[in-house]
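Trainee: Before we start, here is the structure in question, set down as structure tokens.
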Amino acid sequence: MEDLEGTETQQKVAEFLRAVHEPAFGRPHSIREPHVTRAGDRAVVTGSVFDELSGVARTAVYTAEGGEFRAVVTGPGSSRCGRFSPDGGTLAFLSDRRKAGVFQLYLLDVGGFGEARPAPEVPGTVEYLHWSPDGSKVLLGVAGLGADLSGGQGSGTNVRQSEEKPSWYPKLDDGTQDGGWRSLWVCTVATGEPAQVSPAGTNCWEAGWCGPDQVVAIASDAPGEDEWYTAHLSLIDLEGGARKLLGSDVQLALPAGSPDGAQVAVVEAVCSDRGLVAGDLLLVDPATGAVRRIDTRGTDVTDVAWVDADRLGYVGMRRLDSVAGVVEVADAGLDELFSLSRSCSGGGFLPQGAFTGDGRVLTVQDSYELAPELVLSGSREARTLASVAHPGTEFLRSVAGRAEVVTWTAPDGLEIDGILCRPAGDGPFPLVVSIHGGPIWAYQDSWSMRYAWVPLLVDRGYAVLSPNPRGSSGRGQEFAARVVGDMGGADTHDYLSGIDALVERGLVDGSRVGLIGGSYGGFMSSWLVTQDPRFAAAVPVSPVTDWYSQSFTSNIAGWGNRFLAADPEQPGTNAHTRSPVLHASKARTPCLNIAGARDNCTPPGQAQEFHQALLAHGVPSVLAIYPEEGHGVRAFPAQLDFLTRVVQWFERHMPAS
């Protein structure tokens, strides 16, 4: 097997990454989780910070002052999720300074931002926090150590358990997940004492306040990742009493009760991943259970926050645009604050924002040519508070080419959107199709298109297409549901017709087309090479290649069977007919198959099966399983090795020059 250490390609990729990141060492290069006081006079974000290109970035809470980001607190470890109290006088945040990876609550008086005081520890790691409407309590979402992480979080579990057994000891699994439950705790600020409020035997995936004495939660009866897909909306009082408010045939998320407890907002959506939710905005009356579906003018809602008891703020996607607005609860009237071609996702997957008391919204905005910046927007004006821009972002802008929106028509007449990033010049260029995961997610015009390989490949002379086929977010639930029961069906032709359109327009050299993608993008990269011989190279990352074995090895097997409309016990269903490994005899494309050994979502055996099937049919294939990685490759130096292999694979099989 080839060792890339010290090769010319590795040196050039390392130089590229150093040029991007070294100027920002010790300062935030990416920002997310924006929050703002009700008065709008203070704002905080979570910044991702490299001190060196080693491991994953640490996180820290920053405030925006004088056009710059300033760290709110210093000290060891990471901090995140800064949230101001309703009166703006106290900042609550989470930190793992006491034990790496285990986050607990800290409180800080805003006056001059001095030393934070720790709240008593709760058993587990805190994932999120919310102040009560009266500011007297803080709600904590606590995950037990060993709880599942979603694919978007990297899969695996939240904290790696220490190895106390001898090396020969077997790995045991009896089907129980005693340490992996998610519970709700309330910390009373005056006393500092925390108390669990969620009932035993209830797993609370996410929650928010509903008035000062109740919370609303997305809850299930078991803690496994697959259970989220059938979870319901529950109303819980502070004594642990609970009742179901709403169920759904699809998924529910983003629960938020009004400050007076009279209404509950929740988003209903077709989802493929926990944490990637874009859908319809519902208002539920907790007293009667009556449900109203709010018309958001075609916007798939991705975040909500109450402005006051009568107004609900929302952020979302409409086609490729980011949208923010405020709903008047009484009559469902809508005040749309903005609709932008920029992304408002920050370092996350989908647009998010925080609202002031007068209805302005704080978002992290970026585009392929604009480094992330923190912006406070009203209906008439927007003000940039600070930007992460630095010499490294200027370097990236100088080499990453430009991005443009492209559209084409699928064979059945459906219009498909994509974003094409390309070098200077007229083309035709060699093309790499970068296929997004999910399948329920969507690309927007965003910094680096969220993947380091995009500007890296453009710098090497490739065009990169990021398509949003049927099943993508931002175009309503009917469009998203088009992929349900048909993964690898009609969406196959959304990609192929997009390539054809770019070739016809003279932008792409049809003899040099490659594929790359993670998760569902990994499945589709594997699937397409078995359906069409045109591809010169492919890099499936964290793929599903055998839906049958996926059904018995993945922690989201139930979701996969439902989305595929397949029964693995029945021969000839989609579990068999849509598995790339069972079509490997048709493939001719050299494949670099990538997986993480700790991935419970799409286990590494999926990549290995396809690799061995390709070799059995004489197709060039390389398998790279990273022992410390999960769903995707995130940490350095593994990421350097991964990106080097990607560049080398495409340059070997479809050189740009």
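Quick note on naming: the chains in the structure tokens go A, B, ... in the order shown, residues restart at 1 in each chain, and ligands are numbered from 1 in order of appearance.
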Among segment 50-208 of chain A, which ones does DSSP place in strand (DSSP E or B), written as a CSV table (one decimal) with C-alpha atoms, in the first residue's frame?
Mentor:
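The resulting file, out_36.csv, is shown below:
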```csv
chain,number,residue,atom,x,y,z
A,55,GLY,CA,-6.5,16.8,16.3
A,58,ARG,CA,-11.1,23.4,20.1
A,59,THR,CA,-14.0,25.7,20.7
A,60,ALA,CA,-14.4,28.9,22.6
A,61,VAL,CA,-17.1,31.5,23.3
A,62,TYR,CA,-16.4,34.9,21.7
A,63,THR,CA,-18.1,38.3,21.9
A,64,ALA,CA,-18.1,40.8,19.1
A,65,GLU,CA,-16.7,44.1,20.2
A,68,GLU,CA,-13.4,42.1,16.4
A,69,PHE,CA,-14.0,38.8,18.2
A,70,ARG,CA,-12.8,38.7,21.8
A,71,ALA,CA,-12.7,35.6,23.9
A,79,SER,CA,-16.4,26.2,25.7
A,80,ARG,CA,-19.5,26.6,23.6
A,81,CYS,CA,-23.2,27.4,23.6
A,82,GLY,CA,-23.1,30.9,25.1
A,83,ARG,CA,-26.6,32.1,26.1
A,84,PHE,CA,-27.6,35.4,27.7
A,90,THR,CA,-25.6,36.8,33.0
A,91,LEU,CA,-24.0,34.6,30.3
A,92,ALA,CA,-24.4,30.9,30.7
A,93,PHE,CA,-22.2,28.6,28.7
A,94,LEU,CA,-20.8,25.0,28.6
A,95,SER,CA,-17.2,24.0,29.1
A,96,ASP,CA,-15.2,20.8,29.4
A,97,ARG,CA,-12.4,22.4,31.4
A,98,ARG,CA,-12.8,19.8,34.2
A,99,LYS,CA,-12.7,16.8,32.0
A,102,VAL,CA,-17.5,16.3,29.3
A,103,PHE,CA,-19.3,19.6,29.2
A,104,GLN,CA,-20.9,21.3,32.3
A,105,LEU,CA,-22.7,24.5,33.0
A,106,TYR,CA,-20.8,27.8,33.9
A,107,LEU,CA,-22.3,31.2,34.7
A,108,LEU,CA,-20.6,34.5,34.1
A,109,ASP,CA,-21.7,38.0,35.2
A,117,ARG,CA,-18.4,30.2,38.3
A,118,PRO,CA,-19.2,26.5,37.8
A,125,THR,CA,-22.2,15.8,29.4
A,126,VAL,CA,-24.4,18.8,28.7
A,127,GLU,CA,-25.3,19.2,25.0
A,128,TYR,CA,-27.4,22.4,25.2
A,129,LEU,CA,-28.9,25.0,27.6
A,130,HIS,CA,-31.9,27.3,27.7
A,131,TRP,CA,-32.8,30.1,30.2
A,137,LYS,CA,-33.5,28.7,36.0
A,138,VAL,CA,-31.4,27.0,33.3
A,139,LEU,CA,-32.6,24.0,31.4
A,140,LEU,CA,-29.9,21.5,30.5
A,141,GLY,CA,-30.0,18.7,27.9
A,142,VAL,CA,-27.7,16.0,29.4
A,143,ALA,CA,-26.4,13.0,27.4
A,148,ASP,CA,-24.9,7.8,20.4
A,157,THR,CA,-20.4,7.8,21.0
A,182,ARG,CA,-30.5,11.7,27.3
A,183,SER,CA,-32.2,13.5,30.2
A,184,LEU,CA,-33.4,17.0,31.2
A,185,TRP,CA,-32.1,18.8,34.2
A,186,VAL,CA,-33.0,22.2,35.6
A,187,CYS,CA,-30.4,24.3,37.5
A,188,THR,CA,-31.9,27.0,39.9
A,194,PRO,CA,-29.6,21.0,39.6
A,195,ALA,CA,-32.5,18.5,39.6
A,196,GLN,CA,-33.6,16.0,36.9
A,203,ASN,CA,-35.1,9.7,26.3
A,204,CYS,CA,-35.2,13.5,25.6
A,205,TRP,CA,-33.4,14.3,22.3
A,206,GLU,CA,-33.9,18.1,22.6
A,207,ALA,CA,-36.1,20.4,24.6
A,208,GLY,CA,-37.1,24.0,25.4
```
Trainee: Can you pull out every residue within 12 Å of Gly357 of chain A, counting only C-alpha atoms, but drop anything in the same chain fewer than 3 positions away, and send it as a list of chain:residue names?
Mentor: A:Val36, A:Thr37, A:Arg38, A:Ala39, A:Gly40, A:Asp41, A:Pro86, A:Asp87, A:Gly88, A:Ala305, A:Trp306, A:Val307, A:Asp308, A:Ala309, A:Asp310, A:Arg311, A:Leu312, A:Gly313, A:Val326, A:Ala354, A:Arg360, A:Val361, A:Leu362, A:Gly378
Trainee: Taking 4 positions as the minimum chain separation for residues in the same chain, which residues sit within 6 Å of segment 315-317 of chain A when counting only C-alpha atoms? Answer as a list in words.
Mentor: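 Here the answer would be Thr299, Asp300, Val301, Thr302, Asp303, Asp321, Ser322, Val323, Ala324, Pro351, Gln352 and Gly474 of chain A.
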Trainee: With N, CA and C atoms retained, could you export that selection as a compact mmCIF listing (two decimals), in the first residue's frame?
Mentor:
```
# COMPACT_ATOMS: atom_id res chain seq x y z
N THR A 299 -40.65 28.55 2.66
CA THR A 299 -39.40 28.38 3.40
C THR A 299 -39.44 27.10 4.24
N ASP A 300 -38.41 26.27 4.09
CA ASP A 300 -38.22 25.15 5.00
C ASP A 300 -37.55 25.68 6.26
N VAL A 301 -38.24 25.60 7.40
CA VAL A 301 -37.75 26.20 8.64
C VAL A 301 -36.69 25.31 9.27
N THR A 302 -35.58 25.93 9.69
CA THR A 302 -34.45 25.20 10.26
C THR A 302 -34.08 25.67 11.67
N ASP A 303 -34.70 26.74 12.16
CA ASP A 303 -34.44 27.23 13.52
C ASP A 303 -35.59 28.13 13.94
N ASP A 321 -31.64 30.00 -1.05
CA ASP A 321 -31.53 31.20 -0.21
C ASP A 321 -31.71 30.89 1.27
N SER A 322 -31.11 31.75 2.09
CA SER A 322 -31.37 31.77 3.53
C SER A 322 -32.43 32.81 3.81
N VAL A 323 -33.38 32.46 4.68
CA VAL A 323 -34.53 33.32 4.94
C VAL A 323 -34.71 33.46 6.44
N ALA A 324 -35.07 34.66 6.89
CA ALA A 324 -35.43 34.89 8.29
C ALA A 324 -36.69 35.72 8.35
N PRO A 351 -29.29 26.84 8.19
CA PRO A 351 -29.36 28.19 8.75
C PRO A 351 -29.86 28.20 10.19
N GLN A 352 -29.23 29.05 11.01
CA GLN A 352 -29.65 29.23 12.39
C GLN A 352 -29.50 30.71 12.75
N GLY A 474 -35.04 22.75 1.33
CA GLY A 474 -35.23 24.08 0.78
C GLY A 474 -36.31 24.19 -0.27
```
Trainee: Between A:Trp547, A:Phe429, A:Phe479, A:Trp447, single out the one closest to Asp509 of chain A, counting only C-alpha atoms.
Mentor: A:Phe429
Trainee: Using only C-alpha atoms, determine which residues lie at most 8 Å from His21 of chain A, disregarding the query and same-chain residues fewer than 6 positions distant; provide the list as a list in words.
Mentor: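 In the requested form, the answer reads His29, Phe50, Leu53 and Gly392 of chain A.
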Trainee: Since we have the selection now, will you write its residues out, keeping all heavy atoms, as a compact mmCIF listing (two decimals), in the first residue's frame?
Mentor:
```
# COMPACT_ATOMS: atom_id res chain seq x y z
N HIS A 29 -11.56 30.47 13.25
CA HIS A 29 -11.60 30.38 11.79
C HIS A 29 -13.00 30.04 11.30
O HIS A 29 -13.30 30.17 10.12
CB HIS A 29 -10.61 29.33 11.28
CG HIS A 29 -10.94 27.93 11.69
ND1 HIS A 29 -10.43 27.37 12.85
CD2 HIS A 29 -11.72 26.97 11.13
CE1 HIS A 29 -10.88 26.13 12.97
NE2 HIS A 29 -11.67 25.86 11.95
N PHE A 50 -7.95 26.55 15.87
CA PHE A 50 -6.75 25.72 15.81
C PHE A 50 -5.59 26.49 16.44
O PHE A 50 -5.38 27.66 16.12
CB PHE A 50 -6.38 25.37 14.37
CG PHE A 50 -7.16 24.24 13.77
CD1 PHE A 50 -7.96 24.45 12.65
CD2 PHE A 50 -7.09 22.97 14.31
CE1 PHE A 50 -8.67 23.40 12.09
CE2 PHE A 50 -7.80 21.91 13.76
CZ PHE A 50 -8.60 22.13 12.66
N LEU A 53 -2.17 22.46 13.56
CA LEU A 53 -2.95 21.50 12.78
C LEU A 53 -2.75 20.12 13.37
O LEU A 53 -2.04 19.26 12.82
CB LEU A 53 -2.56 21.56 11.30
CG LEU A 53 -3.03 22.80 10.55
CD1 LEU A 53 -2.65 22.73 9.08
CD2 LEU A 53 -4.53 23.01 10.70
N GLY A 392 -5.21 34.15 5.77
CA GLY A 392 -5.51 32.82 5.26
C GLY A 392 -6.77 32.78 4.43
O GLY A 392 -6.85 32.06 3.41
```
Trainee: Enter the distance from atom CA of Leu414 of chain A to atom CA of Ser473 of chain A, in Å, rounded to one decimal.
Mentor: 15.0 Å
Trainee: For Ala389 of chain A, which of A:Val483, A:Ala371, A:Ala597, A:Ala575 is the closest residue, counting only C-alpha atoms?
Mentor: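 Of the candidates, the smallest distance to Ala389 of chain A is held by A:Ala371.
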Trainee: Restricting the calculation to only C-alpha atoms, which member of A:Gln606, A:Gln263, A:Thr577, A:Gln444 is positioned closest to Gly289 of chain A?
Mentor: A:Gln263
Trainee: Output as CSV one row per residue of segment 443-496 of chain A within 12 Å of segment 332-341 of chain A: the closest atom pair and its distance in Å to one decimal place, counting only C-alpha atoms, sorted by chain and residue number ascending.
Mentor:
```
residue,atom,partner,partner_atom,distance
A:Tyr443,CA,A:Ser341,CA,11.6
A:Gln444,CA,A:Ser341,CA,7.9
A:Asp445,CA,A:Ser341,CA,6.9
A:Ser446,CA,A:Ser341,CA,9.3
```
Trainee: Using atom CA of Ala656 of chain A and atom CA of Ala463 of chain A as the two end points, give the distance in Å to one decimal.
Mentor: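 Atom CA of Ala463 of chain A lies 9.5 Å from atom CA of Ala656 of chain A.
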